[in-house]
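Participant: Enclosed is the structure file coords_17.cif (mmCIF, C-alpha atoms).
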data_start
#
loop_
_atom_site.group_PDB
_atom_site.id
_atom_site.type_symbol
_atom_site.label_atom_id
_atom_site.label_comp_id
_atom_site.auth_asym_id
_atom_site.auth_seq_id
_atom_site.Cartn_x
_atom_site.Cartn_y
_atom_site.Cartn_z
ATOM 1 C CA MET A 1 -4.593 8.365 3.186
ATOM 2 C CA SER A 2 -5.619 6.705 6.393
ATOM 3 C CA GLN A 3 -7.720 3.591 6.478
ATOM 4 C CA ASN A 4 -10.528 5.648 7.926
ATOM 5 C CA GLN A 5 -10.734 7.784 4.794
ATOM 6 C CA GLY A 6 -11.077 4.670 2.652
ATOM 7 C CA VAL A 7 -14.030 3.671 4.824
ATOM 8 C CA LEU A 8 -15.562 7.145 4.466
ATOM 9 C CA LEU A 9 -15.068 7.034 0.701
ATOM 10 C CA LEU A 10 -16.778 3.642 0.409
ATOM 11 C CA ARG A 11 -19.659 4.804 2.643
ATOM 12 C CA ARG A 12 -20.092 7.893 0.520
ATOM 13 C CA GLN A 13 -20.228 5.808 -2.652
ATOM 14 C CA LEU A 14 -22.740 3.416 -1.122
ATOM 15 C CA ALA A 15 -24.991 6.309 -0.098
ATOM 16 C CA ASP A 16 -24.638 7.915 -3.544
ATOM 17 C CA LEU A 17 -25.498 4.696 -5.354
ATOM 18 C CA ASN A 18 -28.528 4.146 -3.105
ATOM 19 C CA LYS A 19 -29.758 7.665 -3.751
ATOM 20 C CA ASN A 20 -28.934 7.842 -7.459
ATOM 21 C CA PRO A 21 -28.896 4.320 -8.885
ATOM 22 C CA VAL A 22 -26.918 3.838 -12.077
ATOM 23 C CA GLU A 23 -28.418 1.995 -15.030
ATOM 24 C CA GLY A 24 -27.055 -1.459 -15.647
ATOM 25 C CA PHE A 25 -26.241 -2.619 -12.129
ATOM 26 C CA SER A 26 -27.232 -2.452 -8.493
ATOM 27 C CA ALA A 27 -24.822 -2.518 -5.580
ATOM 28 C CA GLY A 28 -24.883 -3.157 -1.851
ATOM 29 C CA LEU A 29 -22.858 -4.680 0.960
ATOM 30 C CA ILE A 30 -22.635 -8.431 1.474
ATOM 31 C CA ASP A 31 -22.663 -7.858 5.227
ATOM 32 C CA ASP A 32 -23.876 -4.500 6.567
ATOM 33 C CA GLU A 33 -21.029 -4.527 9.090
ATOM 34 C CA ASP A 34 -18.288 -4.872 6.469
ATOM 35 C CA ILE A 35 -17.851 -1.872 4.162
ATOM 36 C CA TYR A 36 -14.983 -3.581 2.276
ATOM 37 C CA ARG A 37 -17.095 -6.348 0.726
ATOM 38 C CA TRP A 38 -19.723 -5.449 -1.845
ATOM 39 C CA GLU A 39 -22.168 -7.466 -3.864
ATOM 40 C CA VAL A 40 -23.273 -6.176 -7.237
ATOM 41 C CA LEU A 41 -25.894 -7.432 -9.655
ATOM 42 C CA ILE A 42 -25.028 -6.690 -13.254
ATOM 43 C CA ILE A 43 -27.744 -6.698 -15.856
ATOM 44 C CA GLY A 44 -26.524 -8.255 -19.099
ATOM 45 C CA PRO A 45 -26.079 -5.291 -21.457
ATOM 46 C CA PRO A 46 -28.726 -4.988 -24.209
ATOM 47 C CA ASP A 47 -27.696 -5.998 -27.733
ATOM 48 C CA THR A 48 -24.964 -8.314 -26.464
ATOM 49 C CA TYR A 49 -24.879 -12.086 -26.000
ATOM 50 C CA TYR A 50 -25.339 -11.415 -22.276
ATOM 51 C CA GLU A 51 -28.666 -9.589 -22.676
ATOM 52 C CA GLY A 52 -31.301 -10.822 -20.239
ATOM 53 C CA GLY A 53 -28.785 -12.212 -17.769
ATOM 54 C CA PHE A 54 -28.428 -11.204 -14.117
ATOM 55 C CA PHE A 55 -24.876 -11.701 -12.975
ATOM 56 C CA LYS A 56 -23.911 -11.508 -9.345
ATOM 57 C CA ALA A 57 -20.360 -10.457 -8.500
ATOM 58 C CA HIS A 58 -18.385 -9.604 -5.376
ATOM 59 C CA LEU A 59 -15.994 -6.695 -5.008
ATOM 60 C CA THR A 60 -13.399 -6.960 -2.250
ATOM 61 C CA PHE A 61 -11.650 -3.717 -1.374
ATOM 62 C CA PRO A 62 -8.205 -3.676 0.239
ATOM 63 C CA GLN A 63 -7.644 -1.753 3.464
ATOM 64 C CA ASP A 64 -5.672 0.814 1.478
ATOM 65 C CA TYR A 65 -8.389 1.523 -1.089
ATOM 66 C CA PRO A 66 -8.387 3.837 -3.087
ATOM 67 C CA GLN A 67 -4.616 3.607 -3.312
ATOM 68 C CA LYS A 68 -5.000 -0.003 -4.419
ATOM 69 C CA PRO A 69 -7.737 -1.568 -6.568
ATOM 70 C CA PRO A 70 -10.417 -3.974 -5.339
ATOM 71 C CA LYS A 71 -10.660 -7.530 -6.618
ATOM 72 C CA MET A 72 -13.753 -8.532 -8.525
ATOM 73 C CA LYS A 73 -15.171 -12.033 -8.750
ATOM 74 C CA PHE A 74 -18.293 -13.220 -10.548
ATOM 75 C CA MET A 75 -20.372 -15.497 -8.337
ATOM 76 C CA THR A 76 -22.749 -16.385 -11.166
ATOM 77 C CA GLU A 77 -21.292 -18.737 -13.748
ATOM 78 C CA ILE A 78 -20.277 -16.714 -16.794
ATOM 79 C CA TRP A 79 -18.502 -17.579 -20.039
ATOM 80 C CA HIS A 80 -16.297 -14.696 -21.107
ATOM 81 C CA PRO A 81 -12.709 -14.357 -22.388
ATOM 82 C CA ASN A 82 -11.712 -12.013 -19.552
ATOM 83 C CA ILE A 83 -13.346 -13.879 -16.670
ATOM 84 C CA ASP A 84 -11.839 -17.037 -15.194
ATOM 85 C CA SER A 85 -14.470 -19.745 -15.641
ATOM 86 C CA LYS A 86 -13.645 -21.551 -12.389
ATOM 87 C CA SER A 87 -12.901 -18.746 -9.921
ATOM 88 C CA GLY A 88 -14.973 -16.007 -11.558
ATOM 89 C CA ASP A 89 -12.025 -13.601 -11.217
ATOM 90 C CA VAL A 90 -12.232 -10.631 -13.550
ATOM 91 C CA CYS A 91 -9.160 -9.720 -15.578
ATOM 92 C CA ILE A 92 -9.465 -6.101 -16.595
ATOM 93 C CA SER A 93 -6.625 -3.617 -16.803
ATOM 94 C CA ILE A 94 -8.209 -0.934 -14.595
ATOM 95 C CA LEU A 95 -8.131 -3.415 -11.695
ATOM 96 C CA HIS A 96 -4.374 -3.905 -12.130
ATOM 97 C CA ASP A 97 -1.923 -1.940 -10.015
ATOM 98 C CA PRO A 98 -0.279 0.957 -11.833
ATOM 99 C CA GLY A 99 3.279 1.298 -12.975
ATOM 100 C CA GLU A 100 5.685 -0.999 -14.709
ATOM 101 C CA ASP A 101 3.856 -3.589 -16.757
ATOM 102 C CA LYS A 102 6.063 -6.586 -17.336
ATOM 103 C CA PHE A 103 4.167 -7.584 -20.454
ATOM 104 C CA GLY A 104 4.149 -4.099 -21.926
ATOM 105 C CA TYR A 105 0.483 -4.347 -22.900
ATOM 106 C CA GLU A 106 -1.083 -1.716 -20.731
ATOM 107 C CA ARG A 107 -0.683 2.029 -20.752
ATOM 108 C CA PRO A 108 -0.682 3.710 -17.316
ATOM 109 C CA GLU A 109 -4.030 5.349 -17.989
ATOM 110 C CA GLU A 110 -5.584 1.915 -18.558
ATOM 111 C CA ARG A 111 -4.548 0.730 -15.106
ATOM 112 C CA TRP A 112 -5.778 1.411 -11.609
ATOM 113 C CA LEU A 113 -6.110 5.037 -10.534
ATOM 114 C CA PRO A 114 -7.188 6.195 -7.072
ATOM 115 C CA ILE A 115 -10.050 8.154 -8.636
ATOM 116 C CA HIS A 116 -11.868 4.983 -9.702
ATOM 117 C CA THR A 117 -15.124 4.225 -7.908
ATOM 118 C CA VAL A 118 -17.544 1.310 -7.822
ATOM 119 C CA GLU A 119 -19.421 3.098 -10.586
ATOM 120 C CA THR A 120 -16.445 3.605 -12.906
ATOM 121 C CA ILE A 121 -15.303 0.017 -12.320
ATOM 122 C CA LEU A 122 -18.719 -1.370 -13.182
ATOM 123 C CA VAL A 123 -19.049 0.830 -16.252
ATOM 124 C CA SER A 124 -15.766 -0.698 -17.449
ATOM 125 C CA VAL A 125 -16.843 -4.235 -16.621
ATOM 126 C CA ILE A 126 -20.163 -3.779 -18.430
ATOM 127 C CA SER A 127 -18.310 -2.464 -21.452
ATOM 128 C CA MET A 128 -15.978 -5.473 -21.209
ATOM 129 C CA LEU A 129 -19.032 -7.768 -21.392
ATOM 130 C CA ALA A 130 -20.114 -6.043 -24.585
ATOM 131 C CA ASP A 131 -16.631 -5.975 -26.011
ATOM 132 C CA PRO A 132 -14.263 -8.718 -24.782
ATOM 133 C CA ASN A 133 -10.536 -8.173 -25.035
ATOM 134 C CA ASP A 134 -9.262 -11.422 -26.512
ATOM 135 C CA GLU A 135 -5.644 -10.285 -26.241
ATOM 136 C CA SER A 136 -5.647 -10.620 -22.468
ATOM 137 C CA PRO A 137 -7.641 -13.733 -21.742
ATOM 138 C CA ALA A 138 -8.386 -15.170 -18.329
ATOM 139 C CA ASN A 139 -10.357 -17.945 -20.029
ATOM 140 C CA LEU A 140 -8.333 -19.216 -22.994
ATOM 141 C CA ASP A 141 -11.077 -21.485 -24.318
ATOM 142 C CA ALA A 142 -13.621 -18.686 -24.298
ATOM 143 C CA ALA A 143 -11.140 -16.363 -26.011
ATOM 144 C CA LYS A 144 -10.476 -18.946 -28.720
ATOM 145 C CA GLU A 145 -14.184 -19.520 -29.276
ATOM 146 C CA TRP A 146 -14.859 -15.794 -29.325
ATOM 147 C CA ARG A 147 -12.338 -15.523 -32.170
ATOM 148 C CA GLU A 148 -12.980 -18.714 -34.107
ATOM 149 C CA ASP A 149 -16.332 -20.248 -33.216
ATOM 150 C CA LYS A 150 -18.942 -17.618 -32.419
ATOM 151 C CA THR A 151 -21.787 -20.130 -32.644
ATOM 152 C CA GLU A 152 -20.363 -22.260 -29.848
ATOM 153 C CA PHE A 153 -19.442 -19.143 -27.851
ATOM 154 C CA LYS A 154 -22.983 -17.824 -28.167
ATOM 155 C CA LYS A 155 -24.413 -21.167 -27.090
ATOM 156 C CA LYS A 156 -22.314 -21.302 -23.927
ATOM 157 C CA VAL A 157 -23.170 -17.706 -23.036
ATOM 158 C CA ALA A 158 -26.886 -18.351 -23.638
ATOM 159 C CA ARG A 159 -26.679 -21.271 -21.205
ATOM 160 C CA CYS A 160 -25.131 -18.968 -18.566
ATOM 161 C CA VAL A 161 -27.792 -16.317 -19.190
ATOM 162 C CA ARG A 162 -30.593 -18.873 -18.655
ATOM 163 C CA LYS A 163 -28.946 -20.214 -15.533
ATOM 164 C CA SER A 164 -28.418 -16.697 -14.188
ATOM 165 C CA GLN A 165 -32.136 -15.959 -14.544
ATOM 166 C CA GLU A 166 -32.971 -19.001 -12.433
ATOM 167 C CA THR A 167 -30.486 -18.209 -9.680
ATOM 168 C CA ALA A 168 -30.467 -14.388 -9.611
ATOM 169 C CA TRP A 169 -32.900 -14.079 -6.734
ATOM 170 C CA ASP A 170 -31.591 -16.922 -4.571
ATOM 171 C CA MET B 171 -4.136 -5.222 -20.981
ATOM 172 C CA GLY B 172 -1.930 -7.938 -19.528
ATOM 173 C CA ASN B 173 -3.275 -11.392 -19.063
ATOM 174 C CA CYS B 174 -4.396 -12.892 -15.774
ATOM 175 C CA LEU B 175 -3.265 -16.455 -16.322
ATOM 176 C CA LYS B 176 -1.767 -18.018 -13.234
ATOM 177 C CA GLN B 177 1.923 -17.418 -12.765
ATOM 178 C CA PRO B 178 4.314 -16.985 -9.892
ATOM 179 C CA ASN B 179 4.455 -13.330 -8.904
ATOM 180 C CA ALA B 180 7.095 -11.201 -7.314
ATOM 181 C CA ASP B 181 5.504 -11.521 -3.883
ATOM 182 C CA ASP B 182 6.362 -15.228 -3.876
ATOM 183 C CA ILE B 183 9.965 -14.316 -4.468
ATOM 184 C CA SER B 184 10.027 -11.871 -1.577
ATOM 185 C CA LEU B 185 8.726 -14.605 0.720
ATOM 186 C CA LEU B 186 11.542 -16.885 -0.412
ATOM 187 C CA ARG B 187 14.050 -14.174 0.366
ATOM 188 C CA GLY B 188 12.671 -13.846 3.855
ATOM 189 C CA ALA B 189 13.026 -17.589 4.337
ATOM 190 C CA GLU B 190 16.674 -17.519 3.295
ATOM 191 C CA ASN B 191 17.445 -14.911 5.922
ATOM 192 C CA ASN B 192 15.820 -16.961 8.638
ATOM 193 C CA GLN B 193 18.036 -19.960 8.035
ATOM 194 C CA THR B 194 21.063 -18.316 9.604
ATOM 195 C CA ASP B 195 19.582 -18.472 13.103
ATOM 196 C CA GLY B 196 19.467 -22.244 13.127
ATOM 197 C CA THR B 197 15.699 -22.713 13.047
ATOM 198 C CA ASP B 198 14.016 -24.599 10.275
ATOM 199 C CA SER B 199 12.319 -21.790 8.424
ATOM 200 C CA SER B 200 10.217 -24.162 6.342
ATOM 201 C CA LEU B 201 8.305 -25.044 9.511
ATOM 202 C CA LEU B 202 7.785 -21.438 10.479
ATOM 203 C CA GLY B 203 6.632 -20.252 7.073
ATOM 204 C CA PRO B 204 6.511 -16.595 6.142
ATOM 205 C CA PRO B 205 5.719 -14.091 8.885
ATOM 206 C CA PRO B 206 2.028 -13.250 9.078
ATOM 207 C CA PRO B 207 1.181 -9.965 7.378
ATOM 208 C CA TYR B 208 0.428 -6.766 9.329
ATOM 209 C CA GLN B 209 2.691 -7.758 12.201
ATOM 210 C CA VAL B 210 5.752 -6.150 10.711
ATOM 211 C CA SER B 211 6.453 -2.804 12.272
ATOM 212 C CA GLY B 212 7.620 0.226 10.318
ATOM 213 C CA PRO B 213 6.233 1.701 7.134
ATOM 214 C CA MET B 214 5.480 -0.360 4.038
ATOM 215 C CA TYR B 215 7.035 0.721 0.768
ATOM 216 C CA HIS B 216 6.199 0.005 -2.854
ATOM 217 C CA PRO B 217 9.443 -0.323 -4.807
ATOM 218 C CA THR B 218 7.339 -1.349 -7.773
ATOM 219 C CA PRO B 219 3.577 -1.224 -7.827
ATOM 220 C CA ASN B 220 2.476 -4.772 -7.068
ATOM 221 C CA ILE B 221 5.056 -5.194 -4.350
ATOM 222 C CA SER B 222 4.683 -3.985 -0.779
ATOM 223 C CA ARG B 223 7.613 -4.500 1.501
ATOM 224 C CA PRO B 224 8.545 -3.238 4.960
ATOM 225 C CA VAL B 225 11.535 -0.966 5.042
ATOM 226 C CA ALA B 226 13.825 -3.629 6.571
ATOM 227 C CA GLN B 227 13.371 -5.914 3.565
ATOM 228 C CA LEU B 228 14.218 -3.439 0.815
ATOM 229 C CA THR B 229 17.260 -3.987 -1.357
ATOM 230 C CA GLU B 230 19.788 -1.189 -1.611
ATOM 231 C CA GLU B 231 18.618 -0.402 -5.111
ATOM 232 C CA GLU B 232 15.023 -0.134 -3.924
ATOM 233 C CA GLN B 233 16.031 2.095 -1.034
ATOM 234 C CA VAL B 234 17.752 4.462 -3.450
ATOM 235 C CA LYS B 235 14.724 4.458 -5.729
ATOM 236 C CA ILE B 236 12.352 5.214 -2.866
ATOM 237 C CA ALA B 237 14.608 7.907 -1.421
ATOM 238 C CA LYS B 238 14.743 9.598 -4.839
ATOM 239 C CA ARG B 239 10.986 9.383 -5.147
ATOM 240 C CA ILE B 240 10.469 10.935 -1.696
ATOM 241 C CA GLY B 241 12.915 13.684 -2.681
ATOM 242 C CA LEU B 242 10.945 14.447 -5.845
ATOM 243 C CA ILE B 243 7.609 14.446 -4.031
ATOM 244 C CA ASN B 244 8.990 16.894 -1.469
ATOM 245 C CA GLN B 245 9.857 19.324 -4.263
ATOM 246 C CA LEU B 246 6.220 19.613 -5.287
ATOM 247 C CA PRO B 247 4.624 22.706 -3.792
ATOM 248 C CA THR B 248 2.195 22.388 -0.922
ATOM 249 C CA GLY B 249 -0.141 24.920 0.592
ATOM 250 C CA VAL B 250 -2.964 25.378 3.004
ATOM 251 C CA PHE B 251 -6.407 25.493 1.472
ATOM 252 C CA ASP B 252 -7.829 28.941 2.091
ATOM 253 C CA GLY B 253 -11.061 28.673 0.113
ATOM 254 C CA THR B 254 -9.964 31.001 -2.671
ATOM 255 C CA ARG B 255 -8.845 28.307 -5.125
ATOM 256 C CA LYS B 256 -11.095 26.917 -7.814
ATOM 257 C CA ALA B 257 -10.658 23.279 -6.734
ATOM 258 C CA LYS B 258 -13.428 22.318 -4.330
ATOM 259 C CA GLU B 259 -12.949 18.595 -3.861
ATOM 260 C CA CYS B 260 -10.070 16.129 -3.571
ATOM 261 C CA VAL B 261 -10.990 13.555 -6.210
ATOM 262 C CA ILE B 262 -9.063 10.817 -4.410
ATOM 263 C CA CYS B 263 -11.052 10.840 -1.164
ATOM 264 C CA MET B 264 -14.039 12.678 -2.710
ATOM 265 C CA GLY B 265 -13.958 14.951 0.333
ATOM 266 C CA GLU B 266 -14.423 18.704 0.004
ATOM 267 C CA PHE B 267 -11.380 20.800 0.776
ATOM 268 C CA MET B 268 -11.852 22.494 4.118
ATOM 269 C CA VAL B 269 -10.117 25.732 5.031
ATOM 270 C CA GLY B 270 -6.879 24.724 6.753
ATOM 271 C CA ASP B 271 -6.403 21.411 4.890
ATOM 272 C CA THR B 272 -2.870 20.831 3.631
ATOM 273 C CA VAL B 273 -2.939 20.377 -0.127
ATOM 274 C CA ARG B 274 -0.343 19.563 -2.743
ATOM 275 C CA TYR B 275 -0.202 21.116 -6.209
ATOM 276 C CA LEU B 276 1.030 18.972 -9.091
ATOM 277 C CA PRO B 277 2.797 20.549 -12.097
ATOM 278 C CA CYS B 278 -0.354 19.925 -14.171
ATOM 279 C CA MET B 279 -2.177 22.204 -11.676
ATOM 280 C CA HIS B 280 -4.342 19.453 -10.229
ATOM 281 C CA THR B 281 -4.723 19.769 -6.460
ATOM 282 C CA TYR B 282 -5.213 17.033 -3.858
ATOM 283 C CA HIS B 283 -4.958 16.593 -0.123
ATOM 284 C CA ARG B 284 -1.263 16.111 0.563
ATOM 285 C CA GLU B 285 -1.930 12.902 2.439
ATOM 286 C CA CYS B 286 -4.061 11.440 -0.385
ATOM 287 C CA ILE B 287 -1.702 12.260 -3.263
ATOM 288 C CA ASP B 288 1.607 11.506 -1.520
ATOM 289 C CA ASP B 289 0.531 7.957 -0.807
ATOM 290 C CA TRP B 290 -0.382 7.553 -4.484
ATOM 291 C CA LEU B 291 2.821 9.169 -5.791
ATOM 292 C CA MET B 292 4.840 6.586 -3.855
ATOM 293 C CA ARG B 293 3.112 3.950 -5.981
ATOM 294 C CA ALA B 294 2.871 5.656 -9.362
ATOM 295 C CA PHE B 295 4.324 8.973 -10.407
ATOM 296 C CA THR B 296 1.440 10.241 -12.514
ATOM 297 C CA CYS B 297 -1.436 12.614 -11.843
ATOM 298 C CA PRO B 298 -4.555 10.479 -11.277
ATOM 299 C CA SER B 299 -6.750 13.041 -13.033
ATOM 300 C CA CYS B 300 -4.831 13.721 -16.241
ATOM 301 C CA MET B 301 -2.173 10.968 -16.201
ATOM 302 C CA GLU B 302 0.552 13.565 -16.719
ATOM 303 C CA PRO B 303 3.832 11.969 -15.590
ATOM 304 C CA VAL B 304 4.923 14.088 -12.635
ATOM 305 C CA ASP B 305 8.685 13.689 -13.081
ATOM 306 C CA ALA B 306 8.651 14.758 -16.745
ATOM 307 C CA ALA B 307 6.575 17.783 -15.831
ATOM 308 C CA LEU B 308 8.963 18.637 -12.982
ATOM 309 C CA LEU B 309 11.952 18.471 -15.320
ATOM 310 C CA SER B 310 10.324 20.657 -17.939
ATOM 311 C CA THR B 311 9.513 23.201 -15.225
ATOM 312 C CA TYR B 312 13.200 23.350 -14.320
ATOM 313 C CA ASN B 313 14.238 23.705 -17.963
ATOM 314 C CA SER B 314 11.933 26.633 -18.490
ATOM 315 C CA LEU B 315 13.284 28.533 -15.465
#
Will you turn the file into structure tokens for me?

Facilitator:
Amino acid sequence: MSQNQGVLLLRRQLADLNKNPVEGFSAGLIDDEDIYRWEVLIIGPPDTYYEGGFFKAHLTFPQDYPQKPPKMKFMTEIWHPNIDSKSGDVCISILHDPGEDKFGYERPEERWLPIHTVETILVSVISMLADPNDESPANLDAAKEWREDKTEFKKKVARCVRKSQETAWD
Amino acid sequence: MGNCLKQPNADDISLLRGAENNQTDGTDSSLLGPPPPYQVSGPMYHPTPNISRPVAQLTEEEQVKIAKRIGLINQLPTGVFDGTRKAKECVICMGEFMVGDTVRYLPCMHTYHRECIDDWLMRAFTCPSCMEPVDAALLSTYNSL
């Protein structure tokens, strides 16, 4: 697929999301001139520790999207086993390239597919917030707390939620 | 799900290989560093998914693998969309099939633009819609003939 079709596909998704917003997040471009860089605002899913939070994240699409997955990075501080606490990078299998998996953890259908869209990615990320995967941590301390010390985990998340409410509209 | 903890990846290794090759021409390759991306001419290939490499840097084994893959892809039937098929949209580019578009049919009967699916099949040999492995399906088609 040519680069141009990737641009068309991203434009189509942007128009679709503007016309028919999806519950749980909002999405737009960081810079109107650059279709490859998106900013999303994720609403902390109800009935999870993240409820009430507003988490900003950036999606960076490669030139050969949808053949390759975008990268996703939380800009708002967030404590979660599958999100790197310093960089904000999201570790989720659907954002990993397909094919041979050197660790043998992921089935092909759990990895990137060219039919994924901003919407399907965010649905997965929101479900990851509700249900962390502590077998594939990007934040070892958070994963350990999630398993062994829920009280401390909850406290750290609550702090992020409060902070996110203060900074969401900056 | 694999983990995302920091570790050297295969791309680092390919850069090292490039550096080794440079040393034969007498220049200090450590000063030059790796060549900037997107300046290499010729097509990029994906011997394994995370790795993109221009054709000149492929190992013999990778060349064989890619040639085999291209051979298999070329055995999949193609056609010209004439508007009579059920499929209306290529789910990869989300574009509607237009009369005259070249499409490719996978053994699982899913249909895509040839350009969209061929690029994907060079990276992973499964149908993006149903995850059916294309090579296994091809083989079973032969066995049933």

Participant: Using only C-alpha atoms, determine which residues lie at most 12 Å from Tyr50 of chain A, disregarding the query and same-chain residues fewer than 2 positions distant; provide the list as a VMD selection string.

Facilitator: chain A and resid 42 to 48 52 to 55 77 to 80 126 to 132 153 to 165

Participant: If you apply the PyMOL selection byres ((chain B) within 10 of (chain A)) to this file, what residues do you get, as a PyMOL selection string?

Facilitator: chain B and resi 171-176+218-221+260-265+283-303

Participant: Just want the 9 Å neighbourhood of Met72 of chain A, counted on all atoms listed in the file, with same-chain residues fewer than 5 positions away dropped. Output as number ranges by chain.

Facilitator: A: 57-61, 88-91, 95

Participant: Could you spell out the hits of the PyMOL selection byres ((chain B and resi 236-248) around 6) on the shown file, as a PyMOL selection string?

Facilitator: chain B and resi 233-235+249+273-275

Participant: Report, in Å to a single decimal, how far apart atom CA of Glu39 of chain A and atom CA of Ser87 of chain A are.

Facilitator: 15.8 Å

Participant: What does the structure give for the distance between atom CA of Lys56 of chain A and atom CA of Thr167 of chain A, in Å to one decimal?

Facilitator: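 Spanning atom CA of Lys56 of chain A to atom CA of Thr167 of chain A is a straight-line distance of 9.4 Å.
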
Participant: What's the 7 Å shell around Tyr215 of chain B, counting all atoms listed in the file, without same-chain residues fewer than 3 positions away, as a PyMOL selection string?

Facilitator: chain B and resi 222-225

Participant: Provide the atom CA of Thr76 of chain A to atom CA of Leu41 of chain A distance in Å, to one decimal place.

Facilitator: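 These two atoms are separated by 9.6 Å.
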
Participant: List as a PyMOL selection string the protein and nucleic acid residues near Phe251 of chain B, meaning an atom at most 10 Å away when all atoms listed in the file are counted, but skip any in the same chain fewer than 4 places from it.

Facilitator: chain B and resi 255+257-258+267-274+281+283
